[in-house]
Each structure stands twice: as structure tokens, then as C-alpha cells.
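*Asks:* One structure, pasted below without further comment.
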Amino acid sequence: MPQTVQGVVALAKSEPVQLVDIVIPDPGPGEAVVRVQACGVCHTDLHYREGGINDEFPFLLGHEAAGTVEAVGEGVTEVAPGDFVVLNWRAVCGECRACDRGEPWYCFATHNASQKMTLTDGTELSPALGIGAFAEKTLVAAGQCTKVDPEARAAAVGLLGCGVMAGIGAAINTGGVTRGKSVAVIGCGGVGAASIMGSAVAGASPIIAVDIDERKLAKARELGATHVVNSKDVDPVEAIREIVGGNGAEGVDVVIEAVGRPETWKQAFYARDLAGVLVLVGVPTPDMTLPDIPLLDVFGRGGALKSSWYGDCLPKRDFPMLVDLYQQGRLDLDAFVTEEIGIGDIEAAFEKMHHGDVLRSVVVL
Ligand code: APR
Ligand code: ZN
Ligand code: ZN
């Protein structure tokens with residue numbers, strides 16, 4: 001029987017979101033209905049509301065979530081009712097060229113539920129990133145559910161579903177951060193702070209945090225940054241070179257750019273050591289272009305200029321591993337939960353996010 005539950009919907013471009021009744025169909029083949037326990041508020045939810053992703057309104061927002069599987073459809077074997085899961089927005093297909101060549105994080109297919117959740121008048125909803133978890137329940141593809149330790153705090157581990165995974169993965173998966181490597185992170189919001197924490201867990205040193213907001217730099221220190229640089233006051237490239245200089249290093253082994261702007265990308269480019277890796281994980285806007293950099297400087301430095309999409313993560317491998325580290329007290333996911341809020345408080349959370357007051361507001365149901 002289809003069920004009616006409450007969900008947060010962006011009905012029209014740039015209008016405040018509304019808590020309304022939505023209809024969840026029974027799970028079809030390969031699908032699961034999940035009772036949501038917690039869901040973080042991410043920039044992407046706001047981008048959807050602003051029409052910045054596409055114009056397929058109405059959107060059911062929310063996509064950084066953990067919950068319990070309530071029911072599964074025909075043929076579902078990966079999860080069962082009662083399983084505690086973290087949701088992901090990219091279930092790999094296992095069949096495309098990227099999957100075949102052993103790089104499923106580049107998978108070309110997206111596996112979301114094929115049935116649609118609707119408003120009570122039958123209007124089809126577009127779930128944010130194929131998830132839509134600012135709701136008491138949601139319908140997803142079973143492959144979007146990854147079973148993790150049921151003892152873990154939902155508000156914390158749900159964050160692995162997007163921003164925190166993007167940040168940790170940018171460092172470890174994309175950047176190849178390992179023990180002893182030097183790392184700089186430019187932009188220490190939710191994503192960059194996670195890159196710092198991931199680098200610390202991996203054993204990197206030094207870990208240099210760069211931001212223009214002292215509050216973010218203080219948080220970065222808590223999460224494992226060994227040095228902080230306020231780039232409002234000093235040239236971050238010079239500051240980074242000074243910290244790692246001394247044995248011929250011209251910069252750090254890995255720079256994570258977690259702002260998504262040409263000027264910070266340029267700083268990241270020059271803050272690398274020769275043969276260093278630059279990872280772009282901040283999301284630029286469509287009007288932005290590469291900064292003006294002499295091609296000879298690209299040629300002369302070697303290394304790699306990369307981008308990281310969803311932290312190049314493999315949910316089945318990475319989510320349970322990171323939840324276990326969290327449960328062991330080695331990965332402080334709680335530090336990202338600035339506040340727990342109710343499902344009716346999303347607009348206020350967007351406002352706080354806009355002012356940089358929070359790493360994450362998390363809806364708890
Ligand atoms: N130099 C250094 N840091 C900067 C600069 C700058 N010029 N401009 C902004 N920042 C910092 C902000 O102070 C903030 O701490 O970058 C951080 C961005 O963090 P958030 O706004 O919390 O964004 P986050 O969720 O971490 O996402 C990172 O990817 O998804 C996009 O829109 C998102 O561009 C953002 C980026
Ligand atoms: Zn694939
Ligand atoms: Zn997100």
C-alpha cells in the first residue's frame with residue numbers, strides 16, 4: 001500500500017521550501033523504502049531550490065542521510081528490512097566501461113528508483129540526487145543503501161552520504177594522501193574540514209589549513225590541521241612554502257581546493273611541490289574558467305591536476321570502513337554536526353549555511 005508521509009519540497013524556483021504530505025509507493029523490483037533517521041543540510045539542496053541544478057520542480061530535498069530499511073522490492077539481496085544504512089547518490093552499475101576497467105567511481109550509469117514519489121495530487125517529485133531524504137520515508141534503489149554498524153549515531157554517519165565523504169575521499173582516494181605526505185587544504189567548510197580530518201587519519205604531516213574565516217581555521221585545528229593560514233592576511237602560497245620549505249620543497253605533496261573558484265585554484269596550483277597533486281573538490285559555477293597561468297608553469301611542475309567527484313568513493317567499501325573508524329573514536333564525525341534540527345527548520349538552516357555559521361545542520365527524525 002502506498003503511504004503518505006511528510007517531506008520537505010521545493011515547489012517553485014527560489015521560493016521557501018514547504019513541509020507537505022508526499023506519497024511513497026511500495027518498493028518495486030530493485031528498490032527499497034527507507035525510514036529516514038537523520039539527514040544533513042547541504043549546499044546542493046539550496047542549489048536545487050534556486051533552480052541551479054535543473055528546473056524539474058517540485059524537488060523533494062535532502063540527500064545526506066542514514067536510516068532503516070523498512071521494505072524491499074523483488075530481487076533485492078543487498079539489504080533487508082531492519083538494516084541500518086547510509087544512502088549514496090551514485091549506485092554503481094557494475095557493467096559500464098568504467099566499472100569493467102576496475103574504476104567504478106567513474107561509473108557512467110546512475111541507479112535510482114524508477115518509480116516516482118508524488119505529491120498527494122499525483123504530481124511527480126524529483127528527489128534531490130535521486131534520494132529525497134528530508135522526509136519521514138523515502139524510496140531509493142537498493143544499491144543506494146549501504147549497510148553499516150547499527151550502533152552508530154545516525155546524525156553523524158548520514159553525513160558520509162555526501163559532503164564529508166567528498167572531503168575525505170578527495171584527500172585519500174583522489175589525492176593519494178598517505179602517512180608522511182604534506183597536505184594543504186584551501187577552504188575549510190564542511191568539505192575542506194573533512195579533507196583535513198581524512199588527511200590526519202591517513203597520517204599526513206604537515207596538514208595546512210587555509211581559509212579567510214577564523215572560525216573555520218579554529219575548527220580545522222581541532223580536526224587535525226597542524227598549521228593554519230588566514231589568506232585574508234597573508235599570501236597563502238608563500239605561507240605554505242615557508243612551512244614546508246627547507247629541504248628543497250617548493251610546496252606540499254597534495255593540495256585540496258575546496259572552495260571552487262579560479263583564484264583559489266591558482267593558489268592551489270602554485271602551492272604544490274614539483275610533481276605535487278592538485279585536487280579540485282569545491283564546485284565551480286558554469287561561468288568560471290581556468291585562471292591565467294603560463295603553460296610553461298604547467299609543463300615545468302609535473303604532478304597531476306585532478307578533480308574529485310563524490311570523493312571518488314565506493315560506498316560499499318568506504319562507508320562501513322569510515323563508520324567503523326568513527327565507532328572506534330578515530331574519526332570525529334560528530335564535529336561536523338553543528339546542530340540537530342527538526343524537519344520544519346530547513347529554511348533557517350539554509351540561512352545559517354549562507355552565513356558560514358555551521359559546518360552542518362542535521363535534520364533528526
Ligand atoms: N580563500 C580561502 N577560503 C575561502 C575563500 C578564499 N578566497 N572563499 C571562501 N572560502 C572558504 C569559506 O570561508 C568556507 O569556509 O571556503 C569555505 C567553503 O565552505 P562551505 O561554504 O561550507 O562549502 P562546503 O560545503 O565545504 O563546499 C565547498 O563546494 O559544493 C561546493 O558550494 C560549495 O563552493 C562550495 C564548495
Ligand atoms: Zn558502471
Ligand atoms: Zn550534498
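In the C-alpha cells, each chain is lettered A, B, ... as it comes, each chain's residues begin at 1, and ligands are numbered from 1 in order of appearance.
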Could you tell me, counting only C-alpha atoms and all ligand atoms, which protein and nucleic acid residues lie no more than 8 Å from ligand 2, written as a list in words?
*Replies:*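 Protein and nucleic-acid residues within 8 Å of ligand 2: Val92, Cys93, Gly94, Glu95, Cys96, Arg97, Ala98, Cys99, Asp100, Pro104, Tyr106, Cys107, Phe108, Ala109 and Thr110 of chain A.
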*Asks:* Name the residues in contact with Phe350 of chain A at a cut-off of 8 Å, using only C-alpha atoms, excluding same-chain residues fewer than 4 positions from it; report them as an mmCIF file with N, CA and C atoms, in the first residue's frame.
*Replies:*
```cif
data_model
loop_
_atom_site.group_PDB
_atom_site.id
_atom_site.type_symbol
_atom_site.label_atom_id
_atom_site.label_comp_id
_atom_site.auth_asym_id
_atom_site.auth_seq_id
_atom_site.Cartn_x
_atom_site.Cartn_y
_atom_site.Cartn_z
ATOM 1 N N VAL A 41 21.930 19.021 5.969
ATOM 2 C CA VAL A 41 21.560 20.084 5.023
ATOM 3 C C VAL A 41 22.820 20.498 4.268
ATOM 4 N N LEU A 46 20.189 23.653 -1.460
ATOM 5 C CA LEU A 46 19.867 25.052 -1.741
ATOM 6 C C LEU A 46 19.979 25.333 -3.243
ATOM 7 N N ILE A 346 14.344 23.739 7.851
ATOM 8 C CA ILE A 346 15.313 23.747 6.747
ATOM 9 C C ILE A 346 15.656 25.173 6.284
ATOM 10 N N HIS A 354 24.412 29.859 4.710
ATOM 11 C CA HIS A 354 24.760 31.014 3.884
ATOM 12 C C HIS A 354 25.733 31.936 4.623
#
```
*Asks:* Which chains and residue numbers are within 6 Å of ligand 1, counting only C-alpha atoms and all ligand atoms, if I want them as a ChimeraX atom specification?
*Replies:* /A:43,186-192,210-213,216,258-260,264,282-283,359
*Asks:* So, with only C-alpha atoms as the atoms that count, which of A:Val229, A:Thr285, A:Ile240, A:Asp312 lies closest to Gly176 of chain A?
*Replies:*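 Once distances to Gly176 of chain A are computed over only C-alpha atoms, the minimum belongs to A:Asp312.
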*Asks:* Which residues are close to Ala194 of chain A, i.e. within 8 Å by only C-alpha atoms, leaving aside same-chain residues fewer than 2 positions away? Reply as an MDAnalysis selection string.
*Replies:* chainID A and resid 163:168 190:192 196:198
*Asks:* Counting only C-alpha atoms and all ligand atoms, figure out which residue out of A:Glu347, A:Asp45, A:Glu238, A:Asp21 gets nearest to ligand 3.
*Replies:*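 Closest candidate: A:Asp45.
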*Asks:* Quick one: contact table of chain A to ligand 3, 6 Å max, nearest atom pair and distance in Å to one decimal per residue, counting only C-alpha atoms and all ligand atoms, chain and number order, as CSV?
*Replies:*
```
residue,atom,partner,partner_atom_place_in_ligand_line,distance
A:Cys42,CA,ligand 3,1 (Zn),4.6
A:Thr44,CA,ligand 3,1 (Zn),5.2
A:Cys162,CA,ligand 3,1 (Zn),4.6
A:Gly163,CA,ligand 3,1 (Zn),5.2
```
*Asks:* Go ahead and write the selection's residues with C-alpha atoms as a PDB file, in the first residue's frame.
*Replies:*
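Written file, selection00.pdb:
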```pdb
ATOM      1  CA  CYS A  42      23.972  20.555   2.095  1.00  0.00           C
ATOM      2  CA  THR A  44      23.303  21.249  -3.139  1.00  0.00           C
ATOM      3  CA  CYS A 162      27.727  13.479   0.608  1.00  0.00           C
ATOM      4  CA  GLY A 163      29.915  16.350   1.835  1.00  0.00           C
TER       5      GLY A 163
END
```
*Asks:* Mind dumping a table of every segment 188-216 of chain A residue within 8 Å of segment 179-183 of chain A, with the nearest atom pair and its distance in Å to one decimal, using only C-alpha atoms, sorted by chain and rising number, as a tab-separated table?
*Replies:*
```
residue	atom	partner	partner_atom	distance
A:Ser199	CA	A:Val183	CA	7.5
A:Ala202	CA	A:Arg179	CA	5.7
A:Gly203	CA	A:Arg179	CA	4.1
A:Ala204	CA	A:Gly180	CA	4.7
A:Ser205	CA	A:Ser182	CA	5.0
A:Pro206	CA	A:Ser182	CA	5.0
A:Ile207	CA	A:Val183	CA	4.8
A:Ile208	CA	A:Val183	CA	6.2
```
*Asks:* Tell me which protein, DNA and RNA residues are within 12 Å of Asp121 of chain A, counting only C-alpha atoms, leaving out same-chain ones fewer than 6 positions away, and put them as a PyMOL selection string.
*Replies:* chain A and resi 4+20-23
*Asks:* Determine which residues of segment 71-272 of chain A receive a DSSP assignment of strand (DSSP E), computed from the backbone, and state them as an MDAnalysis selection string.
*Replies:* chainID A and resid 71:72 84:87 118:119 126:127 137:141 145:147 183:186 207:211 227:230 252:257 272
*Asks:* Which is closer to Val79 of chain A than all the others in A:Asp26, A:Cys39, A:Leu119, A:Gln144, using only C-alpha atoms?
*Replies:*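 Counting only C-alpha atoms, the residue closest to Val79 of chain A is A:Gln144.
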*Asks:* Find the spatial neighbours of Val201 of chain A, counting only C-alpha atoms, within a cut-off of 10 Å - ignore same-chain residues fewer than 4 positions away - and output them as number ranges by chain.
*Replies:* A: 168, 172, 177-179, 195-197, 223-224, 325, 330-332
